[in-house]
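Beneath this line is the structure, given in structure tokens, with notes to follow.
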Amino acid sequence: MKERWIEIAADADEKQEAFFERAMSGEGISFESEEAKAAFRERRSLIKDVVQMKKVPKRIPICPSAGSFPLEYAGVTWKEAMYNHETIFTAYEKYQNDFGSDTSNNGGEIVSGRTLEILGLKLGPWAGQGLPDDKGYQYVEEAFLKADEYQDLIDDPTGWFLNVYFPRIFSGLEGFTDFPIAPLIHEIPVIPVLTIPFAVAPLASSIERLLEASKDSLAWSEVIDRIVESQIGKGYPILEGGFTKAPFDVLGDTLRGTKEIMMDLFRRPGEVLEACERLTPIMIKAGVKLCVESKNPVCFIPLHKGADGFISDEQFRTFYWPTLRKLVIGLINQGVVPLLFAEGGYNSRLKIISDLPRGRVIWHFDRTDMKQAKETVGQNSCIMGNVPVSLLHAGTPDSIKQYCRGLIDVAGKDGGYIFSTGAGMESSNPENVKVMIDFAKAYGVYG
């Protein structure tokens, strides 16, 4: 049997082109004016051109990663934003209106604190609930997947998440331990037996909690949707339409935790590899689904445990890259453009991760040497980044211009580059952010 997600599908080009065309059409969008509609299409076209690498665009797209900087700029605390969602709209509108980059940020990382409270989240504290009002949220690692449960996860990932993981990370969903094994539902005599748990405690009370949380989440999502509609209506697209994760990071982040996953590489390497393979199709489907729903082909993938020094090159080649590459190819075959955020430095990984087809992927680099990145990954893939947040915090206007000029000269040569920060712009000086964006707009023009 031929292994899946090793090669590019014959219709991948056609699907990507159709996805971009849907994204650029503006179908169903209420634009403020014909000028705004034209600006939207132009900005979408810039992204398309730098991704596909078939021609040099008119100019470099300017797409800094805002993070929660819009909250700071508007004087809104994380707690206010998480419990009064209208402040998210106000803050991100003000940011985009005042700075005017080529793509907008929707504020989707500012989640509802009320939803987390209803569900009883145990993954860590958040603003006003264990953290100061001006701090977002923080993960406290724990091995929610026990060492002897790998096979349970491999055998039935969805069942394990429903019956085991959710009750462990949400106190309000402890009743999900009684969630029935769904495949048996096709036998008529079994149907009553399988439906009874939904009507009695503790599963019934957990479902009530879930319904309550969903109503709060809907109110939050309406605000996020209004941000998207407002910014697109003014001509500013959202860069990312979907989200997924590297299979190894799914394991290492909030299932096993950093310490345990590192020991697993030595103690149970076979189970780690099998679990990563089992999670791969699930993460492909998750990314594609969100991109289809948003009509935006770009899928954001934060890479947490693949950076230089985190694991060895041999471990990266063995445990991290194979299923990440399959994830990327699986997305590409559905017309999706993976945007891989390489947090930290990826200097020792550049040759490895260059093994991808041309014109399909965006690599967002944080602290990677951009000259090396351009000479390796940048020959096949669009690269993005990496203005340091420290420079935006403490630099002078002249030092910012000097850094941005050098970055554009190296990474932006002959196209295939999106100008951006290395990470979110938290704690940045607003004047420095303005200098960065204005300079990049003026300097990043071809021809």
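Every chain in the structure tokens has a letter given in the order shown (A, B, ...), and although residue numbers restart at 1 in each chain, ligands are simply numbered from 1 in the order shown.
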- Residues within 12 Å of Ala18 (chain A), only C-alpha atoms, excluding chain neighbours under 3 positions, as a ChimeraX atom specification: /A:11-15,21-25,48,292,295-297,334-336
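For region 105-135 of chain A, backbone-based DSSP labels the following residues as helix (DSSP H, G or I): Gly113, Arg114, Thr115, Leu116, Glu117, Ile118 and Leu119 of chain A.
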Mind running region 75-173 of chain A against region 419-424 of chain A at 12 Å and telling me each contacting residue's nearest atom pair with the distance in Å (one decimal), counting only C-alpha atoms, chain and number ascending, as CSV?
residue,atom,partner,partner_atom,distance
A:Ser101,CA,A:Ser420,CA,9.9
A:Asp102,CA,A:Phe419,CA,10.0
A:Thr103,CA,A:Ser420,CA,10.7
A:Asn105,CA,A:Gly424,CA,10.9
A:Gly107,CA,A:Gly424,CA,11.9
A:Glu109,CA,A:Gly424,CA,11.2
- Task: Please return as a PyMOL selection string: the residues of region 228-386 of chain A that backbone DSSP assigns to strand (DSSP E or B).
- Result: chain A and resi 238+242-243+298-303+337-342+362-365+382-386
- Close residues, region 155-162 of chain A itself excluded, 8 Å, only C-alpha atoms, min 2 positions apart in chain, as number ranges by chain: A: 151-153, 164-167, 176-177, 179, 181, 278-279
- Message: Taking only C-alpha atoms into account, name the residue in A:Ile232, A:Leu331, A:Leu194, A:Ala147 that is nearest to Pro269 (chain A).
- Response: A:Ala147
- Do you have the CA of Ile224 (chain A)-CA of Phe243 (chain A) distance handy? 15.4 Å
- Message: With only C-alpha atoms as the counted atoms, please give the residues lying no more than 9 Å from Ile47 (chain A), apart from itself and same-chain residues fewer than 3 positions off, as JSON, numbers by chain.
- Response: {"A": [42, 43, 44, 50, 51, 52, 57, 60, 61, 239, 418]}
Keeping only N, CA and C atoms, write those residues as a short mmCIF file (atom, residue, chain, number, x, y, z; two decimals), in the first residue's frame.
data_model
loop_
_atom_site.label_atom_id
_atom_site.label_comp_id
_atom_site.auth_asym_id
_atom_site.auth_seq_id
_atom_site.Cartn_x
_atom_site.Cartn_y
_atom_site.Cartn_z
N GLU A 42 -5.59 43.54 -4.20
CA GLU A 42 -4.16 43.78 -4.41
C GLU A 42 -3.33 43.14 -3.29
N ARG A 43 -3.78 43.31 -2.06
CA ARG A 43 -3.04 42.75 -0.92
C ARG A 43 -3.08 41.23 -0.94
N ARG A 44 -4.22 40.66 -1.28
CA ARG A 44 -4.30 39.21 -1.42
C ARG A 44 -3.38 38.72 -2.54
N VAL A 50 4.01 36.04 -3.51
CA VAL A 50 5.20 35.66 -2.74
C VAL A 50 5.17 34.18 -2.35
N VAL A 51 3.98 33.62 -2.19
CA VAL A 51 3.87 32.19 -1.87
C VAL A 51 4.24 31.34 -3.07
N GLN A 52 3.65 31.65 -4.22
CA GLN A 52 3.83 30.80 -5.39
C GLN A 52 5.20 30.98 -6.05
N PRO A 57 6.63 40.22 -6.94
CA PRO A 57 5.47 41.11 -6.77
C PRO A 57 5.88 42.58 -6.92
N ILE A 60 6.92 44.23 -1.35
CA ILE A 60 6.91 43.24 -0.28
C ILE A 60 5.67 43.44 0.60
N PRO A 61 4.91 42.39 0.87
CA PRO A 61 3.78 42.53 1.80
C PRO A 61 4.29 42.84 3.21
N LEU A 239 -4.29 37.36 7.38
CA LEU A 239 -3.27 36.50 6.77
C LEU A 239 -3.62 35.03 6.91
N ILE A 418 7.87 37.89 3.00
CA ILE A 418 6.86 38.70 3.70
C ILE A 418 7.55 39.39 4.85
#
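Proximity to Ser104 (chain A) was assessed for A:Lys401, A:Lys234, A:Arg268, A:Lys135 counting only C-alpha atoms; the smallest distance is recorded for A:Lys234.
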Pick out the residues sitting within 9 Å of Val250 (chain A), and hand them over as an mmCIF file with N, CA and C atoms, in the first residue's frame; count only C-alpha atoms, and ignore anything fewer than 5 positions along from it in its own chain.
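File produced: selection_12.cif:
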data_model
loop_
_atom_site.group_PDB
_atom_site.id
_atom_site.type_symbol
_atom_site.label_atom_id
_atom_site.label_comp_id
_atom_site.auth_asym_id
_atom_site.auth_seq_id
_atom_site.Cartn_x
_atom_site.Cartn_y
_atom_site.Cartn_z
ATOM 1 N N LYS A 245 -1.416 21.834 14.237
ATOM 2 C CA LYS A 245 -0.145 21.681 14.949
ATOM 3 C C LYS A 245 0.639 20.494 14.416
ATOM 4 N N LEU A 255 -0.049 17.035 26.207
ATOM 5 C CA LEU A 255 -0.390 15.647 26.505
ATOM 6 C C LEU A 255 0.654 15.033 27.435
ATOM 7 N N ARG A 256 1.916 14.998 26.996
ATOM 8 C CA ARG A 256 2.971 14.446 27.836
ATOM 9 C C ARG A 256 3.718 15.532 28.600
ATOM 10 N N CYS A 276 2.590 9.809 16.707
ATOM 11 C CA CYS A 276 2.707 10.926 15.760
ATOM 12 C C CYS A 276 2.050 10.577 14.428
ATOM 13 N N LEU A 279 -1.732 10.690 14.770
ATOM 14 C CA LEU A 279 -2.289 12.036 14.896
ATOM 15 C C LEU A 279 -2.233 12.826 13.596
#
- Tell me, as a PyMOL selection string, which residues lie within 8 Å of Gly359 (chain A), counting only C-alpha atoms; anything in the same chain fewer than 4 positions away does not count. chain A and resi 51-54+380-382
For the residues in the current selection, export C-alpha atoms as a PDB file, in the first residue's frame.
ATOM      1  CA  VAL A  51       3.870  32.191  -1.866  1.00  0.00           C
ATOM      2  CA  GLN A  52       3.832  30.800  -5.395  1.00  0.00           C
ATOM      3  CA  MET A  53       7.211  32.362  -6.315  1.00  0.00           C
ATOM      4  CA  LYS A  54       6.323  32.503  -9.997  1.00  0.00           C
ATOM      5  CA  ASN A 380      11.708  26.775  -2.569  1.00  0.00           C
ATOM      6  CA  SER A 381       9.487  28.468  -0.001  1.00  0.00           C
ATOM      7  CA  CYS A 382       8.342  31.941   0.904  1.00  0.00           C
TER       8      CYS A 382
END
